[in-house]
Amino acid sequence: MRRTTSLRTAVSALLLLGTWATASALPASAADAPAPPSQAPASPELLSAMQRDLGLTRAQAEARLAAEKTATDVERTARKAAGSAYGGSWFDARAGRLTVALTLATHADAVRATGAAVRLVRYDARHLDAAKKRIDALDAPAGVAGWHVDPKVNKVVVSVVAARRGDNDVRAFLSRAREAGPVTVRQSPAAPRTFAAGTVGGDPFYTGNVRCSIGFSVHGGFVTAGHCGRPGAAVYGWDRSSIGNVQGSSFPGDDYAWVNVGSGWWTVPVVLGWGTIPDRLVRGSAEAPVGASVCRSGSTTHWHCGTVLAKNETVNYSEGAVHQMTKTSVCAEPGDSGGSFISGDQAQGVTSGGWGNCGSGGETWHQPVNEILNRYGLTLHTA
């Protein structure tokens with residue numbers, strides 16, 4: 001890794017790690033194992049970012065991080081206790097604990113015994129997932145932003161771009177979607193787009209004239225977004241020195257890629273804090289529940305936080321639909337693509353796209369990191 005100052009050397013090393021998120025990453029084979037104990041997950045800077053982006057006091061931010069960690073651990077046990085009656089789950093920020101949807105009251109006591117709250121619903125998760133899968137098979141027009149299962153409303157939520165809701169092709173799509181299963185419609189202010197950017201300065205990586213952000217370090221390289229480069233594409237660092245090549249990439253359908261690291265570059269288990277928070281060690285990749293707080297690091301807008309809004313959403317980009325995405329309230333802008341998403345100290349995914357910006361707000365989707373690790377047989381570099 002060629003650098004001219006010690007500061008740039010440190011920054012570049014972080015970039016290669018999957019420098020954009022405060023997370024912990026487990027090897028792919030251990031992705032479902034309980035997260036190891038965190039070491040100081042709530043630095044003053046992280047708490048400040050949560051206060052700024054989530055409107056919390058310092059005490060509320062500290063309490064929320066502790067409650068989310070408990071909810072993440074409870075979710076595994078509660079889902080087993082729910083069995084076939086499981087209808088989904090989410091973190092209730094007001095109550096400070098996990099809520100589990102159930103189709104059978106007979107399972108309620110067993111689920112409550114795990115520490116989770118219970119809400120009775122009509123449809124189980126298998127029924128809703130099957131409905132979403134049928135909608136995935138439809139051709140979506142540009143006026144449809146995406147769709148996902150929402151356990152809170154116990155339906156598949158289809159998001160429609162507000163200005164396009166009256167279009168004939170959108171109406172036809174919604175009609176077919178309702179035939180697939182229980183559906184409700186919400187409006188989106190804008191259509192989703194990916195967050196790659198043209199060549200500009202900063203601490204990015206480049207493929208041709210496209211700038212993106214590094215996600216998380218894996219042994220032998222790093223993971224990022226698939227729309228940032230096709231297999232075989234040459235990859236260059238912030239100083240235009242060669243890093244390696246895209247070894248695997250998928251977009252649309254998925255939005256993930258991995259890059260091998262060589263030519264004097266190396267990987268470390270760190271996410272860049274951009275001065276907003278201290279650079280973070282990566283310790284695991286336990287998946288946070290819907291409703292949990294999540295933060296993102298990227299080369300354009302640096303460090304921002306929000307909450308997990310939905311999982312397994314199909315996002316309808318102009319290039320084509322991408323499946324199994326996680327939707328968040330975190331903002332992002334062009335150049336942030338591929339950057340890290342983390343919750344507490346656990347890696348969550350790499351930035352894919354969204355709508356809006358970090359001046360007026362918006363929503364951003366990420367590709368879950370464990371799917372990338374499993375797809376390519378990679379092992380996350382952890383501290």
# chains A, B, ... in the order shown; residues from 1 in each chain; ligands from 1
>>> residues_around(residues="Ser263 in chain A", least_positions_apart="3", cutoff="12 Å", atoms="only C-alpha atoms", output="PyMOL selection string")
chain A and resi 1-2+221+235-237+240-245+260+266
>>> write_last_selection(atoms="N, CA and C atoms", output="mmCIF file, in the first residue's frame")
data_model
loop_
_atom_site.group_PDB
_atom_site.id
_atom_site.type_symbol
_atom_site.label_atom_id
_atom_site.label_comp_id
_atom_site.auth_asym_id
_atom_site.auth_seq_id
_atom_site.Cartn_x
_atom_site.Cartn_y
_atom_site.Cartn_z
ATOM 1 N N MET A 1 0.845 -1.167 0.000
ATOM 2 C CA MET A 1 0.000 0.000 0.000
ATOM 3 C C MET A 1 0.891 1.230 0.000
ATOM 4 N N ARG A 2 0.846 2.038 -1.044
ATOM 5 C CA ARG A 2 1.737 3.177 -1.147
ATOM 6 C C ARG A 2 1.098 4.395 -0.492
ATOM 7 N N GLY A 221 -8.891 -10.178 1.195
ATOM 8 C CA GLY A 221 -9.474 -9.085 0.427
ATOM 9 C C GLY A 221 -10.545 -8.336 1.185
ATOM 10 N N VAL A 235 -8.954 -2.940 -9.704
ATOM 11 C CA VAL A 235 -9.375 -2.085 -8.590
ATOM 12 C C VAL A 235 -8.184 -1.288 -8.094
ATOM 13 N N TYR A 236 -8.409 0.021 -7.873
ATOM 14 C CA TYR A 236 -7.351 0.927 -7.433
ATOM 15 C C TYR A 236 -7.761 1.652 -6.166
ATOM 16 N N GLY A 237 -6.771 1.980 -5.341
ATOM 17 C CA GLY A 237 -7.027 2.649 -4.079
ATOM 18 C C GLY A 237 -7.170 4.148 -4.220
ATOM 19 N N ARG A 240 -4.697 5.763 -6.340
ATOM 20 C CA ARG A 240 -4.623 5.178 -7.688
ATOM 21 C C ARG A 240 -3.590 4.063 -7.810
ATOM 22 N N SER A 241 -3.045 3.598 -6.699
ATOM 23 C CA SER A 241 -2.177 2.429 -6.773
ATOM 24 C C SER A 241 -3.053 1.175 -6.836
ATOM 25 N N SER A 242 -2.540 0.134 -7.470
ATOM 26 C CA SER A 242 -3.316 -1.090 -7.686
ATOM 27 C C SER A 242 -3.552 -1.834 -6.385
ATOM 28 N N ILE A 243 -4.795 -2.250 -6.171
ATOM 29 C CA ILE A 243 -5.146 -3.083 -5.014
ATOM 30 C C ILE A 243 -5.247 -4.545 -5.428
ATOM 31 N N GLY A 244 -6.025 -4.807 -6.469
ATOM 32 C CA GLY A 244 -6.264 -6.178 -6.922
ATOM 33 C C GLY A 244 -7.315 -6.172 -7.999
ATOM 34 N N ASN A 245 -8.149 -7.211 -8.014
ATOM 35 C CA ASN A 245 -9.209 -7.332 -9.028
ATOM 36 C C ASN A 245 -10.490 -7.830 -8.392
ATOM 37 N N ASN A 260 -9.778 -9.141 -4.252
ATOM 38 C CA ASN A 260 -8.573 -9.641 -3.612
ATOM 39 C C ASN A 260 -7.611 -8.476 -3.348
ATOM 40 N N TRP A 266 -2.939 -4.378 2.520
ATOM 41 C CA TRP A 266 -3.227 -5.440 3.475
ATOM 42 C C TRP A 266 -4.589 -5.191 4.109
#
>>> select_by_dssp(residues="range 192-231 of chain A", states="strand (DSSP E or B)", output="PyMOL selection string")
chain A and resi 193-194+197-198+205-207+210-212+216-218+221-224
>>> write_last_selection(atoms="N, CA, C and O atoms", output="compact mmCIF listing (two decimals), in the first residue's frame")
# COMPACT_ATOMS: atom_id res chain seq x y z
N ARG A 193 -31.98 4.32 -6.12
CA ARG A 193 -30.87 4.32 -7.06
C ARG A 193 -29.64 3.83 -6.33
O ARG A 193 -29.56 3.90 -5.10
N THR A 194 -28.67 3.33 -7.07
CA THR A 194 -27.42 2.91 -6.46
C THR A 194 -26.58 4.15 -6.16
O THR A 194 -26.81 5.23 -6.70
N ALA A 197 -20.37 6.57 -7.83
CA ALA A 197 -20.13 7.95 -8.26
C ALA A 197 -18.98 8.00 -9.24
O ALA A 197 -18.18 7.07 -9.34
N GLY A 198 -18.89 9.12 -10.00
CA GLY A 198 -17.76 9.33 -10.88
C GLY A 198 -16.50 9.60 -10.07
O GLY A 198 -16.55 9.79 -8.85
N PHE A 205 -12.30 3.51 -3.36
CA PHE A 205 -11.60 2.66 -4.32
C PHE A 205 -12.25 2.91 -5.67
O PHE A 205 -13.38 3.39 -5.75
N TYR A 206 -11.53 2.61 -6.71
CA TYR A 206 -11.98 2.93 -8.06
C TYR A 206 -11.96 1.69 -8.95
O TYR A 206 -11.06 0.86 -8.87
N THR A 207 -12.97 1.59 -9.80
CA THR A 207 -12.96 0.64 -10.92
C THR A 207 -13.30 1.48 -12.15
O THR A 207 -14.44 1.94 -12.28
N VAL A 210 -15.55 4.78 -11.88
CA VAL A 210 -16.53 4.64 -10.82
C VAL A 210 -15.83 4.64 -9.47
O VAL A 210 -14.82 3.96 -9.27
N ARG A 211 -16.37 5.43 -8.53
CA ARG A 211 -15.85 5.44 -7.16
C ARG A 211 -16.86 4.79 -6.24
O ARG A 211 -18.05 5.10 -6.29
N CYS A 212 -16.41 3.90 -5.39
CA CYS A 212 -17.25 3.28 -4.38
C CYS A 212 -16.50 3.25 -3.05
O CYS A 212 -15.40 3.79 -2.94
N PHE A 216 -16.25 -4.55 4.24
CA PHE A 216 -15.56 -5.21 5.34
C PHE A 216 -14.40 -6.06 4.83
O PHE A 216 -14.48 -6.66 3.76
N SER A 217 -13.35 -6.12 5.62
CA SER A 217 -12.23 -6.97 5.30
C SER A 217 -12.59 -8.44 5.47
O SER A 217 -13.29 -8.81 6.41
N VAL A 218 -12.11 -9.24 4.54
CA VAL A 218 -12.15 -10.69 4.67
C VAL A 218 -10.71 -11.15 4.51
O VAL A 218 -9.85 -10.40 4.07
N GLY A 221 -8.89 -10.18 1.20
CA GLY A 221 -9.47 -9.09 0.43
C GLY A 221 -10.54 -8.34 1.19
O GLY A 221 -10.51 -8.24 2.41
N PHE A 222 -11.53 -7.80 0.45
CA PHE A 222 -12.64 -7.11 1.09
C PHE A 222 -13.91 -7.32 0.27
O PHE A 222 -13.87 -7.66 -0.91
N VAL A 223 -15.06 -7.10 0.93
CA VAL A 223 -16.36 -7.20 0.24
C VAL A 223 -16.92 -5.80 0.03
O VAL A 223 -16.64 -4.87 0.78
N THR A 224 -17.74 -5.68 -1.01
CA THR A 224 -18.33 -4.40 -1.37
C THR A 224 -19.58 -4.67 -2.21
O THR A 224 -20.07 -5.80 -2.26
>>> select_by_dssp(residues="range 145-377 of chain A", states="alpha helix (DSSP H)", output="PyMOL selection string")
chain A and resi 168-180+369-376
>>> write_last_selection(atoms="C-alpha atoms", output="CSV table (one decimal), in the first residue's frame")
chain,number,residue,atom,x,y,z
A,168,ASN,CA,-51.5,2.2,-15.6
A,169,ASP,CA,-48.5,-0.2,-15.3
A,170,VAL,CA,-48.3,0.5,-11.6
A,171,ARG,CA,-52.0,-0.2,-11.1
A,172,ALA,CA,-51.7,-3.4,-13.1
A,173,PHE,CA,-48.7,-4.5,-11.0
A,174,LEU,CA,-50.5,-3.8,-7.7
A,175,SER,CA,-53.5,-5.8,-8.9
A,176,ARG,CA,-51.3,-8.8,-9.6
A,177,ALA,CA,-49.5,-8.4,-6.3
A,178,ARG,CA,-52.7,-8.5,-4.4
A,179,GLU,CA,-53.6,-11.8,-6.0
A,180,ALA,CA,-50.3,-13.2,-4.6
A,369,VAL,CA,-22.8,-9.4,4.8
A,370,ASN,CA,-23.4,-13.0,5.8
A,371,GLU,CA,-24.9,-13.8,2.4
A,372,ILE,CA,-21.8,-12.5,0.7
A,373,LEU,CA,-19.5,-14.6,3.0
A,374,ASN,CA,-21.5,-17.7,2.4
A,375,ARG,CA,-21.8,-17.1,-1.4
A,376,TYR,CA,-18.0,-16.9,-1.9
>>> closest_atom_pairs(of="range 39-112 of chain A", to="range 126-129 of chain A", cutoff="9 Å", atoms="only C-alpha atoms", output="tab-separated table")
residue	atom	partner	partner_atom	distance
A:Ser84	CA	A:Arg126	CA	8.3
A:Tyr86	CA	A:Arg126	CA	8.4
A:Gly87	CA	A:Arg126	CA	7.8
>>> closest_residue(among="A:Thr307, A:Asn316, A:Gln367, A:Thr351", to="Met50 in chain A", atoms="only C-alpha atoms")
A:Thr307
>>> atom_distance(atom1="CA of Gly291 in chain A", atom2="CA of Asp92 in chain A")
6.2 Å
>>> closest_residue(among="A:Ala332, A:Val270, A:Ala288, A:Val156", to="Phe195 in chain A", atoms="only C-alpha atoms")
A:Ala332
>>> closest_residue(among="A:Thr114, A:Ser343, A:Thr276, A:Ser352", to="His323 in chain A", atoms="only C-alpha atoms")
A:Ser352
>>> closest_residue(among="A:Val330, A:Ala286, A:Ala145, A:Ala163", to="Tyr317 in chain A", atoms="only C-alpha atoms")
A:Ala145
>>> decode(residues="range 160-288 of chain A", atoms="C-alpha atoms", output="mmCIF file, in the first residue's frame")
data_model
loop_
_atom_site.group_PDB
_atom_site.id
_atom_site.type_symbol
_atom_site.label_atom_id
_atom_site.label_comp_id
_atom_site.auth_asym_id
_atom_site.auth_seq_id
_atom_site.Cartn_x
_atom_site.Cartn_y
_atom_site.Cartn_z
ATOM 1 C CA VAL A 160 -44.843 2.914 -4.890
ATOM 2 C CA VAL A 161 -43.191 6.144 -6.017
ATOM 3 C CA ALA A 162 -45.747 8.791 -5.037
ATOM 4 C CA ALA A 163 -45.722 10.608 -8.372
ATOM 5 C CA ARG A 164 -46.236 7.330 -10.297
ATOM 6 C CA ARG A 165 -49.023 5.684 -8.294
ATOM 7 C CA GLY A 166 -51.667 6.536 -10.895
ATOM 8 C CA ASP A 167 -49.694 5.022 -13.805
ATOM 9 C CA ASN A 168 -51.500 2.200 -15.559
ATOM 10 C CA ASP A 169 -48.534 -0.185 -15.317
ATOM 11 C CA VAL A 170 -48.255 0.476 -11.570
ATOM 12 C CA ARG A 171 -51.956 -0.175 -11.077
ATOM 13 C CA ALA A 172 -51.677 -3.414 -13.051
ATOM 14 C CA PHE A 173 -48.697 -4.534 -10.954
ATOM 15 C CA LEU A 174 -50.533 -3.821 -7.696
ATOM 16 C CA SER A 175 -53.518 -5.822 -8.927
ATOM 17 C CA ARG A 176 -51.311 -8.839 -9.645
ATOM 18 C CA ALA A 177 -49.480 -8.386 -6.344
ATOM 19 C CA ARG A 178 -52.720 -8.489 -4.370
ATOM 20 C CA GLU A 179 -53.559 -11.795 -6.027
ATOM 21 C CA ALA A 180 -50.299 -13.197 -4.621
ATOM 22 C CA GLY A 181 -51.298 -12.723 -0.989
ATOM 23 C CA PRO A 182 -51.963 -10.126 1.736
ATOM 24 C CA VAL A 183 -50.601 -6.806 0.459
ATOM 25 C CA THR A 184 -50.673 -3.201 1.596
ATOM 26 C CA VAL A 185 -49.355 -0.213 -0.371
ATOM 27 C CA ARG A 186 -47.157 2.621 0.881
ATOM 28 C CA GLN A 187 -45.833 5.641 -0.946
ATOM 29 C CA SER A 188 -42.135 6.401 -1.422
ATOM 30 C CA PRO A 189 -40.975 9.982 -2.076
ATOM 31 C CA ALA A 190 -38.555 8.848 -4.772
ATOM 32 C CA ALA A 191 -37.299 5.842 -6.720
ATOM 33 C CA PRO A 192 -34.252 3.972 -5.353
ATOM 34 C CA ARG A 193 -30.870 4.321 -7.062
ATOM 35 C CA THR A 194 -27.418 2.914 -6.458
ATOM 36 C CA PHE A 195 -24.771 5.102 -4.826
ATOM 37 C CA ALA A 196 -21.774 4.717 -7.100
ATOM 38 C CA ALA A 197 -20.132 7.945 -8.263
ATOM 39 C CA GLY A 198 -17.762 9.333 -10.879
ATOM 40 C CA THR A 199 -14.076 9.822 -10.058
ATOM 41 C CA VAL A 200 -13.517 12.339 -7.259
ATOM 42 C CA GLY A 201 -11.013 12.768 -4.434
ATOM 43 C CA GLY A 202 -11.293 11.203 -0.993
ATOM 44 C CA ASP A 203 -10.615 7.787 0.415
ATOM 45 C CA PRO A 204 -12.378 5.479 -2.034
ATOM 46 C CA PHE A 205 -11.597 2.662 -4.320
ATOM 47 C CA TYR A 206 -11.981 2.927 -8.060
ATOM 48 C CA THR A 207 -12.957 0.645 -10.917
ATOM 49 C CA GLY A 208 -12.574 2.602 -14.129
ATOM 50 C CA ASN A 209 -14.304 5.945 -13.618
ATOM 51 C CA VAL A 210 -16.533 4.637 -10.819
ATOM 52 C CA ARG A 211 -15.846 5.443 -7.162
ATOM 53 C CA CYS A 212 -17.247 3.277 -4.379
ATOM 54 C CA SER A 213 -16.513 2.529 -0.730
ATOM 55 C CA ILE A 214 -14.890 -0.526 0.793
ATOM 56 C CA GLY A 215 -17.136 -2.645 2.989
ATOM 57 C CA PHE A 216 -15.559 -5.206 5.345
ATOM 58 C CA SER A 217 -12.226 -6.975 5.302
ATOM 59 C CA VAL A 218 -12.149 -10.687 4.668
ATOM 60 C CA HIS A 219 -9.088 -12.893 4.721
ATOM 61 C CA GLY A 220 -7.465 -12.167 1.374
ATOM 62 C CA GLY A 221 -9.474 -9.085 0.427
ATOM 63 C CA PHE A 222 -12.641 -7.111 1.092
ATOM 64 C CA VAL A 223 -16.355 -7.204 0.245
ATOM 65 C CA THR A 224 -18.333 -4.401 -1.368
ATOM 66 C CA ALA A 225 -21.309 -3.763 -3.667
ATOM 67 C CA GLY A 226 -21.694 -5.723 -6.899
ATOM 68 C CA HIS A 227 -22.672 -2.724 -9.016
ATOM 69 C CA CYS A 228 -19.229 -1.219 -8.328
ATOM 70 C CA GLY A 229 -17.424 -3.588 -10.711
ATOM 71 C CA ARG A 230 -17.710 -6.708 -12.823
ATOM 72 C CA PRO A 231 -15.589 -9.850 -12.328
ATOM 73 C CA GLY A 232 -12.002 -9.279 -13.453
ATOM 74 C CA ALA A 233 -12.169 -5.487 -13.220
ATOM 75 C CA ALA A 234 -8.985 -3.819 -11.965
ATOM 76 C CA VAL A 235 -9.375 -2.085 -8.590
ATOM 77 C CA TYR A 236 -7.351 0.927 -7.433
ATOM 78 C CA GLY A 237 -7.027 2.649 -4.079
ATOM 79 C CA TRP A 238 -7.477 6.290 -3.087
ATOM 80 C CA ASP A 239 -3.983 7.084 -4.428
ATOM 81 C CA ARG A 240 -4.623 5.178 -7.688
ATOM 82 C CA SER A 241 -2.177 2.429 -6.773
ATOM 83 C CA SER A 242 -3.316 -1.090 -7.686
ATOM 84 C CA ILE A 243 -5.146 -3.083 -5.014
ATOM 85 C CA GLY A 244 -6.264 -6.178 -6.922
ATOM 86 C CA ASN A 245 -9.209 -7.332 -9.028
ATOM 87 C CA VAL A 246 -12.885 -8.065 -8.585
ATOM 88 C CA GLN A 247 -12.932 -11.820 -7.972
ATOM 89 C CA GLY A 248 -16.694 -12.251 -7.900
ATOM 90 C CA SER A 249 -19.637 -9.921 -8.497
ATOM 91 C CA SER A 250 -23.422 -10.105 -8.858
ATOM 92 C CA PHE A 251 -25.802 -7.276 -9.854
ATOM 93 C CA PRO A 252 -28.743 -7.044 -10.328
ATOM 94 C CA GLY A 253 -30.479 -9.932 -8.582
ATOM 95 C CA ASP A 254 -27.931 -9.486 -5.787
ATOM 96 C CA ASP A 255 -25.613 -6.572 -5.040
ATOM 97 C CA TYR A 256 -22.341 -7.973 -3.747
ATOM 98 C CA ALA A 257 -18.735 -8.415 -4.807
ATOM 99 C CA TRP A 258 -15.369 -9.245 -3.345
ATOM 100 C CA VAL A 259 -11.909 -7.959 -4.246
ATOM 101 C CA ASN A 260 -8.573 -9.641 -3.612
ATOM 102 C CA VAL A 261 -5.856 -7.554 -1.943
ATOM 103 C CA GLY A 262 -2.199 -7.447 -3.028
ATOM 104 C CA SER A 263 0.439 -5.052 -4.373
ATOM 105 C CA GLY A 264 1.476 -3.921 -0.894
ATOM 106 C CA TRP A 265 -2.055 -3.463 0.452
ATOM 107 C CA TRP A 266 -3.227 -5.440 3.475
ATOM 108 C CA THR A 267 -6.391 -6.022 5.508
ATOM 109 C CA VAL A 268 -7.211 -5.338 9.129
ATOM 110 C CA PRO A 269 -10.484 -5.744 11.099
ATOM 111 C CA VAL A 270 -11.311 -2.032 11.241
ATOM 112 C CA VAL A 271 -14.041 0.336 10.079
ATOM 113 C CA LEU A 272 -13.224 3.983 9.464
ATOM 114 C CA GLY A 273 -14.909 6.456 11.813
ATOM 115 C CA TRP A 274 -13.966 9.539 9.788
ATOM 116 C CA GLY A 275 -13.266 11.551 12.933
ATOM 117 C CA THR A 276 -16.932 11.309 13.984
ATOM 118 C CA ILE A 277 -16.143 8.252 16.099
ATOM 119 C CA PRO A 278 -12.854 6.423 16.703
ATOM 120 C CA ASP A 279 -12.002 3.828 14.061
ATOM 121 C CA ARG A 280 -13.766 0.641 15.029
ATOM 122 C CA LEU A 281 -12.638 -2.946 15.444
ATOM 123 C CA VAL A 282 -14.820 -5.568 13.741
ATOM 124 C CA ARG A 283 -15.774 -8.428 16.053
ATOM 125 C CA GLY A 284 -18.707 -10.358 14.494
ATOM 126 C CA SER A 285 -21.685 -10.380 12.135
ATOM 127 C CA ALA A 286 -24.708 -11.210 14.288
ATOM 128 C CA GLU A 287 -27.748 -9.853 12.437
ATOM 129 C CA ALA A 288 -29.696 -7.106 14.233
#
